[in-house]
$ cat model.csv   # CSV, C-alpha atoms and all ligand atoms
chain,number,residue,atom,x,y,z
P,166,MET,CA,107.9,94.6,146.1
P,167,SER,CA,109.7,91.9,144.2
P,168,ASP,CA,109.1,89.4,147.0
P,169,LEU,CA,105.4,90.2,146.9
P,170,LYS,CA,105.2,89.8,143.1
P,171,GLU,CA,107.0,86.5,143.4
P,172,ASN,CA,104.5,85.3,146.0
P,173,VAL,CA,101.6,86.4,143.9
P,174,ASP,CA,103.0,84.6,140.8
P,175,THR,CA,103.5,81.4,142.8
P,176,LEU,CA,99.8,81.5,144.0
P,177,LEU,CA,98.6,82.2,140.4
P,178,ASP,CA,100.6,79.2,139.3
P,179,GLU,CA,99.1,77.1,142.1
P,180,ILE,CA,95.6,78.1,141.1
P,181,ASN,CA,96.2,77.3,137.4
P,182,ARG,CA,97.4,73.8,138.4
P,183,PHE,CA,94.5,73.2,140.7
P,184,SER,CA,92.0,70.7,139.4
P,185,ILE,CA,88.6,70.4,141.0
P,186,THR,CA,86.6,67.3,140.2
P,187,ASN,CA,84.6,66.7,143.4
P,188,PRO,CA,83.0,68.6,146.3
P,189,GLU,CA,86.0,67.8,148.6
P,190,GLU,CA,88.5,69.4,146.3
P,191,LEU,CA,86.2,72.4,145.9
P,192,GLU,CA,86.2,72.8,149.7
P,193,GLN,CA,90.0,72.5,149.9
P,194,PHE,CA,90.3,75.3,147.3
P,195,ARG,CA,87.8,77.4,149.2
P,196,LEU,CA,89.7,77.1,152.5
P,197,ARG,CA,93.0,78.0,150.9
P,198,PHE,CA,91.9,80.9,148.7
P,199,ILE,CA,88.5,82.2,149.7
P,200,GLY,CA,87.8,81.4,153.3
P,201,SER,CA,88.4,83.7,156.2
P,202,LYS,CA,92.0,82.6,156.8
P,203,ASN,CA,93.0,82.5,153.1
P,204,VAL,CA,96.6,82.8,151.8
P,205,ILE,CA,95.8,86.0,149.9
P,206,LYS,CA,95.1,87.8,153.1
P,207,ASP,CA,98.8,87.1,154.1
P,208,LEU,CA,99.8,89.1,151.0
P,209,PHE,CA,97.9,92.1,152.2
P,210,ALA,CA,100.0,91.9,155.4
P,211,LEU,CA,103.1,92.1,153.2
P,212,LEU,CA,101.7,95.2,151.6
P,213,LYS,CA,102.6,97.2,154.7
P,214,GLN,CA,106.3,96.7,154.0
P,215,VAL,CA,106.1,98.0,150.4
P,216,PRO,CA,107.2,101.7,150.0
P,217,ASN,CA,104.3,104.1,149.7
P,218,GLU,CA,104.9,105.0,146.0
P,219,GLU,CA,104.7,101.3,145.1
P,220,LYS,CA,101.6,100.5,147.2
P,221,ARG,CA,99.1,101.2,144.5
P,222,GLU,CA,100.7,98.9,142.0
P,223,ALA,CA,101.3,96.2,144.6
P,224,GLY,CA,97.6,96.3,145.7
P,225,GLN,CA,96.5,95.9,142.1
P,226,TYR,CA,98.8,92.9,141.8
P,227,ILE,CA,97.3,91.2,144.8
P,228,ASN,CA,93.8,91.9,143.6
P,229,LYS,CA,94.6,90.1,140.5
P,230,VAL,CA,95.2,86.8,142.3
P,231,LYS,CA,92.1,87.5,144.5
P,232,LEU,CA,89.9,87.9,141.5
P,233,LYS,CA,91.5,84.9,139.7
P,234,ALA,CA,90.8,82.7,142.8
P,235,GLU,CA,87.1,83.8,143.0
P,236,GLU,CA,86.6,83.3,139.3
P,237,PHE,CA,88.1,79.9,139.4
P,238,PHE,CA,86.1,78.9,142.5
P,239,ASN,CA,82.7,80.0,140.9
P,240,ALA,CA,83.4,78.3,137.6
P,241,ALA,CA,84.4,75.0,139.3
P,242,LYS,CA,81.3,75.2,141.6
P,243,GLU,CA,79.0,75.7,138.6
P,244,GLN,CA,80.6,72.9,136.7
P,245,LEU,CA,80.2,70.5,139.6
P,246,GLN,CA,76.6,71.4,139.9
P,247,THR,CA,75.7,70.9,136.3
P,248,SER,CA,77.6,67.6,136.0
P,249,GLU,CA,75.7,66.5,139.1
P,250,GLU,CA,72.4,67.4,137.4
P,251,LYS,CA,73.4,65.8,134.2
P,252,SER,CA,74.2,62.5,136.0
P,253,LEU,CA,70.7,62.7,137.5
P,254,ASN,CA,69.1,63.1,134.1
P,255,LEU,CA,71.1,60.3,132.7
P,256,ASP,CA,70.0,57.8,135.2
P,257,PHE,CA,68.6,55.1,132.9
P,258,SER,CA,67.5,52.9,135.8
P,259,ARG,CA,65.0,55.6,136.9
P,260,PRO,CA,61.4,54.5,136.4
P,261,GLY,CA,59.5,56.3,133.6
P,262,GLU,CA,56.9,58.9,134.5
P,263,PRO,CA,53.6,57.8,132.8
P,264,TYR,CA,51.7,60.4,130.8
P,265,LYS,CA,48.0,60.7,131.8
P,266,ILE,CA,46.4,60.6,128.3
P,267,GLY,CA,42.9,59.6,129.1
P,268,ALA,CA,41.0,56.8,127.5
P,269,GLN,CA,38.8,56.6,124.4
P,270,HIS,CA,35.1,55.8,124.9
P,271,PRO,CA,34.3,52.1,124.2
P,272,ILE,CA,31.7,53.2,121.6
P,273,SER,CA,34.2,55.3,119.8
P,274,LEU,CA,36.7,52.5,119.8
P,275,VAL,CA,34.3,49.9,118.4
P,276,ARG,CA,32.9,52.4,115.9
P,277,ASN,CA,36.4,53.2,114.6
P,278,GLU,CA,37.2,49.5,114.4
P,279,ILE,CA,34.0,48.9,112.3
P,280,ILE,CA,34.9,51.8,110.1
P,281,SER,CA,38.5,50.6,109.5
P,282,ILE,CA,37.3,47.0,108.7
P,283,PHE,CA,35.1,48.3,105.9
P,284,GLU,CA,37.5,50.9,104.7
P,285,ARG,CA,40.0,48.1,104.0
P,286,ILE,CA,37.6,46.8,101.4
P,287,GLY,CA,36.8,50.1,99.8
P,288,PHE,CA,33.9,51.5,101.7
P,289,VAL,CA,33.9,55.3,102.4
P,290,VAL,CA,32.3,57.0,105.4
P,291,SER,CA,29.2,59.2,104.9
P,292,GLU,CA,27.1,61.1,107.4
P,293,GLY,CA,23.7,62.6,107.6
P,294,PRO,CA,21.7,64.8,110.1
P,295,GLU,CA,20.3,63.5,113.4
P,296,ILE,CA,17.2,65.6,112.9
P,297,GLU,CA,15.7,64.1,109.9
P,298,ASP,CA,12.5,64.6,107.7
P,299,ASP,CA,9.9,61.9,107.2
P,300,TRP,CA,11.1,61.3,103.6
P,301,HIS,CA,14.6,60.2,104.5
P,302,ASN,CA,13.8,58.3,107.6
P,303,PHE,CA,10.7,56.5,106.3
P,304,SER,CA,9.0,57.3,103.0
P,305,ALA,CA,12.0,56.9,100.7
P,306,LEU,CA,12.8,53.7,102.5
P,307,ASN,CA,9.5,52.2,101.4
P,308,PHE,CA,7.5,52.8,104.6
P,309,PRO,CA,4.2,54.1,103.1
P,310,PRO,CA,2.3,56.6,105.3
P,311,GLU,CA,0.3,54.7,108.0
P,312,HIS,CA,2.2,51.5,107.2
P,313,PRO,CA,2.3,49.3,110.2
P,314,ALA,CA,6.1,49.0,109.8
P,315,ARG,CA,6.4,52.5,111.2
P,316,ASP,CA,5.3,51.1,114.5
P,317,MET,CA,8.3,48.9,114.7
P,318,GLN,CA,10.2,52.0,115.9
P,319,ASP,CA,8.9,54.5,118.4
P,320,THR,CA,9.8,57.8,117.0
P,321,PHE,CA,10.6,61.1,118.7
P,322,PHE,CA,8.7,63.6,116.5
P,323,ILE,CA,9.6,67.3,116.4
P,324,GLU,CA,6.7,69.6,115.8
P,325,ARG,CA,7.2,72.0,112.9
P,326,GLU,CA,4.6,74.0,111.1
P,327,THR,CA,5.7,73.2,107.6
P,328,LYS,CA,7.1,69.7,107.6
P,329,GLU,CA,7.1,66.7,109.9
P,330,MET,CA,10.5,66.2,111.4
P,331,ALA,CA,11.9,63.6,113.8
P,332,LEU,CA,15.1,62.4,115.5
P,333,ARG,CA,16.2,59.7,113.1
P,334,THR,CA,15.3,56.2,114.3
P,335,HIS,CA,18.1,54.5,112.2
P,336,THR,CA,21.1,55.4,110.1
P,337,SER,CA,19.3,53.9,107.0
P,338,SER,CA,18.2,57.5,106.3
P,339,VAL,CA,21.8,58.3,105.3
P,340,GLN,CA,21.5,55.6,102.5
P,341,VAL,CA,18.8,57.7,100.9
P,342,ARG,CA,20.9,60.9,101.1
P,343,VAL,CA,23.9,59.2,99.5
P,344,MET,CA,21.9,57.7,96.7
P,345,GLU,CA,20.2,61.1,96.0
P,346,ASN,CA,23.5,62.7,95.6
P,347,GLN,CA,25.6,60.0,93.9
P,348,GLN,CA,25.3,57.5,91.1
P,349,PRO,CA,26.6,53.9,91.5
P,350,PRO,CA,29.0,52.4,92.1
P,351,ILE,CA,28.4,53.2,95.8
P,352,ARG,CA,30.2,51.6,98.7
P,353,THR,CA,29.6,53.5,101.9
P,354,ILE,CA,29.2,53.1,105.6
P,355,SER,CA,27.4,55.6,107.8
P,356,PRO,CA,28.1,55.7,111.5
P,357,GLY,CA,25.9,57.8,113.7
P,358,ARG,CA,23.6,58.3,116.7
P,359,VAL,CA,19.9,57.3,116.5
P,360,TYR,CA,17.0,57.9,118.8
P,361,ARG,CA,14.0,55.8,119.9
P,362,ASN,CA,11.3,56.6,122.3
P,363,GLU,CA,12.0,53.8,124.7
P,364,ALA,CA,12.1,53.5,128.5
P,365,ILE,CA,15.7,53.4,129.7
P,366,SER,CA,16.8,50.1,131.1
P,367,ALA,CA,19.8,47.8,131.0
P,368,ARG,CA,18.6,46.4,127.6
P,369,ALA,CA,17.1,49.6,125.9
P,370,HIS,CA,18.0,53.2,125.7
P,371,CYS,CA,16.4,56.3,124.1
P,372,PHE,CA,19.6,56.9,122.0
P,373,PHE,CA,22.3,54.6,120.7
P,374,HIS,CA,24.6,54.2,117.8
P,375,GLN,CA,24.5,52.4,114.5
P,376,VAL,CA,26.7,51.8,111.4
P,377,GLU,CA,24.8,51.5,108.2
P,378,GLY,CA,26.3,49.9,105.1
P,379,LEU,CA,25.3,50.3,101.4
P,380,TYR,CA,26.8,48.7,98.3
P,381,ILE,CA,25.3,49.4,94.9
P,382,ASP,CA,26.6,48.4,91.5
P,383,LYS,CA,25.7,46.3,88.5
P,384,SER,CA,24.7,42.7,89.4
P,385,VAL,CA,25.4,42.9,93.2
P,386,SER,CA,24.1,39.6,94.6
P,387,PHE,CA,23.1,38.1,98.0
P,388,ALA,CA,26.3,36.1,97.8
P,389,ASP,CA,28.3,39.4,97.9
P,390,LEU,CA,26.4,40.4,100.9
P,391,LYS,CA,27.1,37.2,102.7
P,392,GLN,CA,30.8,37.2,102.0
P,393,THR,CA,31.1,40.9,103.0
P,394,LEU,CA,29.4,40.1,106.3
P,395,LEU,CA,31.5,37.0,106.9
P,396,TYR,CA,34.7,39.0,106.3
P,397,PHE,CA,33.4,41.6,108.8
P,398,ALA,CA,32.6,39.0,111.5
P,399,LYS,CA,36.0,37.4,111.2
P,400,GLU,CA,37.8,40.7,111.3
P,401,MET,CA,35.8,41.8,114.3
P,402,PHE,CA,35.5,38.6,116.4
P,403,GLY,CA,38.3,36.4,115.2
P,404,GLU,CA,39.2,34.1,112.3
P,405,HIS,CA,37.3,31.1,113.6
P,406,THR,CA,34.0,33.1,113.7
P,407,ARG,CA,31.0,31.7,111.6
P,408,ILE,CA,27.8,33.5,110.6
P,409,ARG,CA,24.3,32.4,110.0
P,410,LEU,CA,21.5,34.3,108.3
P,411,ARG,CA,17.8,34.0,109.3
P,412,PRO,CA,15.0,35.3,107.1
P,413,SER,CA,13.5,38.5,108.4
P,414,TYR,CA,11.5,41.6,107.3
P,415,PHE,CA,12.5,45.2,106.7
P,416,PRO,CA,10.5,47.5,104.4
P,417,PHE,CA,13.6,48.7,102.5
P,418,THR,CA,15.2,45.3,101.7
P,419,GLU,CA,13.9,42.2,99.9
P,420,PRO,CA,14.8,39.6,100.7
P,421,SER,CA,15.9,40.6,104.3
P,422,ALA,CA,17.8,38.7,106.9
P,423,GLU,CA,19.1,39.0,110.4
P,424,VAL,CA,22.7,37.8,111.0
P,425,ASP,CA,24.0,35.9,114.0
P,426,VAL,CA,27.7,35.3,114.7
P,427,SER,CA,28.9,32.2,116.5
P,428,CYS,CA,29.4,33.0,120.2
P,429,SER,CA,33.0,33.9,120.7
P,430,LEU,CA,32.9,33.0,124.4
P,431,CYS,CA,31.9,29.4,124.1
P,432,ASN,CA,32.9,29.0,120.4
P,433,GLY,CA,29.3,28.0,119.5
P,434,LYS,CA,29.0,25.3,122.1
P,435,GLY,CA,26.4,27.2,124.2
P,436,CYS,CA,26.9,29.3,127.3
P,437,ASN,CA,24.9,31.9,129.3
P,438,VAL,CA,26.0,34.8,127.1
P,439,CYS,CA,24.4,33.2,124.0
P,440,LYS,CA,21.6,31.7,126.1
P,441,TYR,CA,22.8,28.2,125.2
P,442,THR,CA,22.1,28.7,121.5
P,443,GLY,CA,25.7,29.2,120.4
P,444,TRP,CA,24.7,32.2,118.3
P,445,LEU,CA,24.5,36.0,118.9
P,446,GLU,CA,22.5,38.4,116.7
P,447,ILE,CA,24.5,41.4,115.4
P,448,LEU,CA,22.7,43.0,112.5
P,449,GLY,CA,20.0,43.3,109.9
P,450,CYS,CA,20.5,43.2,106.2
P,451,GLY,CA,19.2,42.5,102.8
P,452,ILE,CA,19.0,43.3,99.1
P,453,VAL,CA,17.9,46.9,98.6
P,454,ASP,CA,14.3,46.9,97.5
P,455,PRO,CA,13.9,48.3,93.9
P,456,ASN,CA,11.4,50.8,95.2
P,457,VAL,CA,14.1,52.3,97.4
P,458,LEU,CA,16.5,52.6,94.5
P,459,GLU,CA,13.9,54.3,92.3
P,460,ALA,CA,12.8,56.7,95.1
P,461,SER,CA,16.4,58.0,95.2
P,462,GLY,CA,16.8,58.3,91.4
P,463,ILE,CA,18.7,55.1,90.8
P,464,ASP,CA,17.6,52.8,87.9
P,465,SER,CA,16.7,49.5,89.5
P,466,LYS,CA,16.8,47.7,86.1
P,467,VAL,CA,20.5,48.5,85.8
P,468,TYR,CA,21.7,48.5,89.4
P,469,SER,CA,21.2,46.3,92.4
P,470,GLY,CA,22.7,46.5,95.9
P,471,PHE,CA,22.8,45.3,99.4
P,472,ALA,CA,22.4,47.1,102.7
P,473,PHE,CA,23.0,46.3,106.4
P,474,GLY,CA,22.7,48.0,109.7
P,475,MET,CA,24.3,47.2,113.0
P,476,GLY,CA,24.2,48.5,116.5
P,477,VAL,CA,27.5,49.7,117.9
P,478,GLU,CA,26.5,49.2,121.5
P,479,ARG,CA,25.6,45.6,120.6
P,480,ILE,CA,29.0,44.8,119.1
P,481,ALA,CA,30.7,46.6,122.0
P,482,GLN,CA,28.6,44.5,124.5
P,483,LEU,CA,29.8,41.3,122.8
P,484,LYS,CA,33.4,42.4,122.6
P,485,TYR,CA,33.6,43.7,126.2
P,486,ARG,CA,30.9,41.6,127.9
P,487,VAL,CA,29.1,44.7,129.2
P,488,ASN,CA,25.6,43.7,129.9
P,489,ASP,CA,24.1,47.1,131.0
P,490,LEU,CA,23.5,49.6,128.1
P,491,ARG,CA,23.2,52.5,130.5
P,492,LEU,CA,26.9,52.3,131.4
P,493,TYR,CA,27.8,53.7,127.9
P,494,SER,CA,26.1,57.1,128.6
P,495,GLU,CA,26.5,57.5,132.4
P,496,ASN,CA,30.1,58.8,132.1
P,497,ASP,CA,31.3,56.9,135.1
P,498,LEU,CA,35.1,57.3,135.0
P,499,ARG,CA,35.6,53.9,136.7
P,500,PHE,CA,33.9,52.3,133.7
P,501,LEU,CA,35.4,54.5,131.0
P,502,LYS,CA,39.0,54.2,132.2
P,503,GLN,CA,39.0,50.5,131.4
P,504,PHE,CA,39.0,50.8,127.7
P,505,THR,CA,42.2,51.5,125.8
P,506,SER,CA,41.8,49.5,122.6
P,507,ALA,CA,39.2,47.4,120.9
P,508,GLU,CA,41.9,44.9,119.8
P,601,LIG,N1,17.6,50.1,110.0
P,601,LIG,C1,17.4,48.8,110.7
P,601,LIG,C2,17.2,49.0,112.2
P,601,LIG,O1,17.4,50.1,112.6
P,601,LIG,C3,18.7,48.0,110.5
P,601,LIG,C4,18.8,47.6,109.1
P,601,LIG,C5,18.3,46.4,108.7
P,601,LIG,C6,19.5,48.3,108.2
P,601,LIG,C7,18.4,46.0,107.4
P,601,LIG,C8,19.7,47.9,106.9
P,601,LIG,C9,19.1,46.7,106.5
P,601,LIG,O2,20.3,48.6,106.0
P,601,LIG,O3,19.3,46.3,105.2
P,601,LIG,O4,16.8,48.1,112.8

$ encode --input "model.csv" --output "structure tokens"
Amino acid sequence: MSDLKENVDTLLDEINRFSITNPEELEQFRLRFIGSKNVIKDLFALLKQVPNEEKREAGQYINKVKLKAEEFFNAAKEQLQTSEEKSLNLDFSRPGEPYKIGAQHPISLVRNEIISIFERIGFVVSEGPEIEDDWHNFSALNFPPEHPARDMQDTFFIERETKEMALRTHTSSVQVRVMENQQPPIRTISPGRVYRNEAISARAHCFFHQVEGLYIDKSVSFADLKQTLLYFAKEMFGEHTRIRLRPSYFPFTEPSAEVDVSCSLCNGKGCNVCKYTGWLEILGCGIVDPNVLEASGIDSKVYSGFAFGMGVERIAQLKYRVNDLRLYSENDLRFLKQFTSAE
């Protein structure tokens, strides 16, 4: 019995001193203490020589070393596995796995950029309905009934028993809604979708997007309008950009102008994008007609203001050189995936 105890103690001691740091050492340990020809089995052979009355105690003693060996083996095995996993996770040379985050629509990118340019000089965003009444889309904007200017825009009318309704033909309708609800100073931009009854082609669509701008305060002048638009053009197309204003006509502004920016591709020298003129048209603008102020309850003797309206597709087209308007609404992923930023 004392021999047996001594053998067990030596083995326990050996296990305690065993250090396992790699798979080879683990295997050595397994062969010696766990495998089919392990040393603990030899102890069971010794058990035969122990007197009967001591067998129980001796058996328990051998089991102790057996359990200890198994416990030690399992712990070492687990430890080796986790450190192997850890070293995998900590492989800094491993290439990153890209997230698939989709892309923003080019119209959203450009619209957001226009908004942020005007927000930087104190404009706030306002919105109005796409189904609009005649008053907000036309009458309050100085288009009298049957005025030929209404023919400038082919309108989708919606039949209603009570009131004539239409899909708005421009975001200028939002100007009216803002002025009806707010007294100056007003500095607002109104992004949104507009509709016109046009045959769909590369150059025209039955819906598109505009951003309207409106600034009303005491003694706002044409010079303020010009500087605001120059600031916008430089922010949008680059510091070297110039603008030019051409006289034009809109019922809601007087005087009115159309604005061109110097062609960013040829820097004004002339190329096929600007049709060899060096200029590209981007928006319409003017000093708000006093009739429009009065129609929305603003005293035109105290206040004046300017307004402008631009097409988002047009700006996107110039920024991205997309020459077919239909691409913006066809949802072809090969097209849409190419836009990540308007910068
Ligand atoms: N509403 C005009 C259009 O759709 C664009 C426009 C021109 C808006 C002049 C304005 C403006 O506010 O002053 O073509």

$ closest_residue --input "model.csv" --among "P:Leu458, P:Val339, P:Leu492, P:Ile480" --to "Met401 (chain P)" --atoms "all atoms listed in the file"
P:Ile480

$ residues_around --input "model.csv" --residues "region 225-232 of chain P" --least-positions-apart "4" --cutoff "8 Å" --atoms "all atoms listed in the file" --output "MDAnalysis selection string"
chainID P and resid 170 173 176:177 198 205 208:209 221 236

$ closest_residue --input "model.csv" --among "P:Gly267, P:Gly470, P:Pro294, P:Gly261" --to "Pro349 (chain P)" --atoms "only C-alpha atoms"
P:Gly470

$ closest_residue --input "model.csv" --among "P:Glu189, P:Asp454, P:Glu363, P:Glu219" --to "ligand LIG 601 (chain P)" --atoms "all atoms listed in the file"
P:Asp454

$ atom_distance --input "model.csv" --atom1 "CA of Asn496 (chain P)" --atom2 "atom C1 of ligand LIG 601 (chain P)"
26.8 Å

$ atom_distance --input "model.csv" --atom1 "atom C8 of ligand LIG 601 (chain P)" --atom2 "CA of His335 (chain P)"
8.6 Å

$ closest_residue --input "model.csv" --among "P:Phe283, P:Phe183, P:Phe237, P:Phe373" --to "ligand LIG 601 (chain P)" --atoms "only C-alpha atoms and all ligand atoms"
P:Phe373

$ residues_near_point --input "model.csv" --point "(8.0, 67.3, 106.3)" --cutoff "6 Å" --atoms "all atoms listed in the file" --output "count of residues only"
5

$ closest_residue --input "model.csv" --among "P:Lys466, P:Arg285, P:Arg479, P:His405" --to "Gln375 (chain P)" --atoms "only C-alpha atoms"
P:Arg479

$ build_atoms --input "model.csv" --residues "region 477-487 of chain P" --atoms "all heavy atoms" --output "PDB file, in the coordinates of the input"
ATOM      1  N   VAL P 477      26.163  49.663 117.344  1.00  0.00           N
ATOM      2  CA  VAL P 477      27.500  49.700 117.900  1.00  0.00           C
ATOM      3  C   VAL P 477      27.585  49.215 119.309  1.00  0.00           C
ATOM      4  O   VAL P 477      28.492  48.466 119.695  1.00  0.00           O
ATOM      5  CB  VAL P 477      28.121  51.146 117.763  1.00  0.00           C
ATOM      6  CG1 VAL P 477      29.559  51.187 118.275  1.00  0.00           C
ATOM      7  CG2 VAL P 477      28.062  51.643 116.327  1.00  0.00           C
ATOM      8  N   GLU P 478      26.574  49.605 120.102  1.00  0.00           N
ATOM      9  CA  GLU P 478      26.500  49.200 121.500  1.00  0.00           C
ATOM     10  C   GLU P 478      26.488  47.613 121.571  1.00  0.00           C
ATOM     11  O   GLU P 478      27.109  47.005 122.433  1.00  0.00           O
ATOM     12  CB  GLU P 478      25.308  49.711 122.229  1.00  0.00           C
ATOM     13  CG  GLU P 478      25.467  51.129 122.754  1.00  0.00           C
ATOM     14  CD  GLU P 478      25.271  52.191 121.678  1.00  0.00           C
ATOM     15  OE1 GLU P 478      25.110  51.831 120.489  1.00  0.00           O
ATOM     16  OE2 GLU P 478      25.289  53.380 122.029  1.00  0.00           O
ATOM     17  N   ARG P 479      25.729  47.041 120.641  1.00  0.00           N
ATOM     18  CA  ARG P 479      25.600  45.600 120.600  1.00  0.00           C
ATOM     19  C   ARG P 479      26.944  44.909 120.377  1.00  0.00           C
ATOM     20  O   ARG P 479      27.313  43.957 121.073  1.00  0.00           O
ATOM     21  CB  ARG P 479      24.597  45.210 119.496  1.00  0.00           C
ATOM     22  CG  ARG P 479      24.428  43.741 119.262  1.00  0.00           C
ATOM     23  CD  ARG P 479      23.567  43.111 120.313  1.00  0.00           C
ATOM     24  NE  ARG P 479      23.400  41.677 120.111  1.00  0.00           N
ATOM     25  CZ  ARG P 479      23.344  40.805 121.101  1.00  0.00           C
ATOM     26  NH1 ARG P 479      23.446  41.200 122.348  1.00  0.00           N
ATOM     27  NH2 ARG P 479      23.175  39.533 120.840  1.00  0.00           N
ATOM     28  N   ILE P 480      27.688  45.426 119.411  1.00  0.00           N
ATOM     29  CA  ILE P 480      29.000  44.800 119.100  1.00  0.00           C
ATOM     30  C   ILE P 480      29.945  45.051 120.309  1.00  0.00           C
ATOM     31  O   ILE P 480      30.687  44.153 120.706  1.00  0.00           O
ATOM     32  CB  ILE P 480      29.635  45.494 117.851  1.00  0.00           C
ATOM     33  CG1 ILE P 480      28.659  45.502 116.678  1.00  0.00           C
ATOM     34  CG2 ILE P 480      30.971  44.841 117.492  1.00  0.00           C
ATOM     35  CD1 ILE P 480      28.618  44.280 115.824  1.00  0.00           C
ATOM     36  N   ALA P 481      29.869  46.265 120.896  1.00  0.00           N
ATOM     37  CA  ALA P 481      30.700  46.600 122.000  1.00  0.00           C
ATOM     38  C   ALA P 481      30.395  45.641 123.217  1.00  0.00           C
ATOM     39  O   ALA P 481      31.281  45.144 123.914  1.00  0.00           O
ATOM     40  CB  ALA P 481      30.560  48.028 122.460  1.00  0.00           C
ATOM     41  N   GLN P 482      29.113  45.402 123.378  1.00  0.00           N
ATOM     42  CA  GLN P 482      28.600  44.500 124.500  1.00  0.00           C
ATOM     43  C   GLN P 482      29.219  43.115 124.302  1.00  0.00           C
ATOM     44  O   GLN P 482      29.664  42.509 125.270  1.00  0.00           O
ATOM     45  CB  GLN P 482      27.124  44.452 124.290  1.00  0.00           C
ATOM     46  CG  GLN P 482      26.340  44.047 125.478  1.00  0.00           C
ATOM     47  CD  GLN P 482      24.844  44.138 125.157  1.00  0.00           C
ATOM     48  OE1 GLN P 482      24.452  44.326 124.000  1.00  0.00           O
ATOM     49  NE2 GLN P 482      24.036  44.011 126.165  1.00  0.00           N
ATOM     50  N   LEU P 483      29.263  42.633 123.063  1.00  0.00           N
ATOM     51  CA  LEU P 483      29.800  41.300 122.800  1.00  0.00           C
ATOM     52  C   LEU P 483      31.303  41.274 122.976  1.00  0.00           C
ATOM     53  O   LEU P 483      31.893  40.316 123.475  1.00  0.00           O
ATOM     54  CB  LEU P 483      29.416  40.815 121.418  1.00  0.00           C
ATOM     55  CG  LEU P 483      27.914  40.704 121.158  1.00  0.00           C
ATOM     56  CD1 LEU P 483      27.645  40.260 119.738  1.00  0.00           C
ATOM     57  CD2 LEU P 483      27.286  39.724 122.152  1.00  0.00           C
ATOM     58  N   LYS P 484      31.941  42.359 122.542  1.00  0.00           N
ATOM     59  CA  LYS P 484      33.400  42.400 122.600  1.00  0.00           C
ATOM     60  C   LYS P 484      33.884  42.559 124.062  1.00  0.00           C
ATOM     61  O   LYS P 484      34.882  41.979 124.453  1.00  0.00           O
ATOM     62  CB  LYS P 484      33.897  43.629 121.820  1.00  0.00           C
ATOM     63  CG  LYS P 484      34.639  43.172 120.589  1.00  0.00           C
ATOM     64  CD  LYS P 484      35.459  44.220 119.937  1.00  0.00           C
ATOM     65  CE  LYS P 484      36.869  43.728 119.851  1.00  0.00           C
ATOM     66  NZ  LYS P 484      37.250  43.047 118.657  1.00  0.00           N
ATOM     67  N   TYR P 485      33.168  43.376 124.840  1.00  0.00           N
ATOM     68  CA  TYR P 485      33.600  43.700 126.200  1.00  0.00           C
ATOM     69  C   TYR P 485      32.819  43.046 127.300  1.00  0.00           C
ATOM     70  O   TYR P 485      33.075  43.285 128.480  1.00  0.00           O
ATOM     71  CB  TYR P 485      33.623  45.209 126.403  1.00  0.00           C
ATOM     72  CG  TYR P 485      34.549  45.971 125.493  1.00  0.00           C
ATOM     73  CD1 TYR P 485      34.066  47.010 124.697  1.00  0.00           C
ATOM     74  CD2 TYR P 485      35.904  45.684 125.434  1.00  0.00           C
ATOM     75  CE1 TYR P 485      34.906  47.728 123.870  1.00  0.00           C
ATOM     76  CE2 TYR P 485      36.752  46.389 124.617  1.00  0.00           C
ATOM     77  CZ  TYR P 485      36.258  47.414 123.833  1.00  0.00           C
ATOM     78  OH  TYR P 485      37.077  48.120 123.026  1.00  0.00           O
ATOM     79  N   ARG P 486      31.780  42.269 126.919  1.00  0.00           N
ATOM     80  CA  ARG P 486      30.900  41.600 127.900  1.00  0.00           C
ATOM     81  C   ARG P 486      30.295  42.617 128.874  1.00  0.00           C
ATOM     82  O   ARG P 486      30.250  42.386 130.087  1.00  0.00           O
ATOM     83  CB  ARG P 486      31.726  40.601 128.754  1.00  0.00           C
ATOM     84  CG  ARG P 486      32.586  39.688 127.958  1.00  0.00           C
ATOM     85  CD  ARG P 486      31.892  38.373 127.667  1.00  0.00           C
ATOM     86  NE  ARG P 486      32.606  37.691 126.614  1.00  0.00           N
ATOM     87  CZ  ARG P 486      32.121  37.501 125.392  1.00  0.00           C
ATOM     88  NH1 ARG P 486      30.924  37.931 125.065  1.00  0.00           N
ATOM     89  NH2 ARG P 486      32.834  36.900 124.473  1.00  0.00           N
ATOM     90  N   VAL P 487      29.855  43.725 128.328  1.00  0.00           N
ATOM     91  CA  VAL P 487      29.100  44.700 129.200  1.00  0.00           C
ATOM     92  C   VAL P 487      27.664  44.391 129.017  1.00  0.00           C
ATOM     93  O   VAL P 487      27.149  44.343 127.907  1.00  0.00           O
ATOM     94  CB  VAL P 487      29.413  46.137 128.639  1.00  0.00           C
ATOM     95  CG1 VAL P 487      28.546  47.158 129.365  1.00  0.00           C
ATOM     96  CG2 VAL P 487      30.883  46.477 128.792  1.00  0.00           C
TER      97      VAL P 487
END
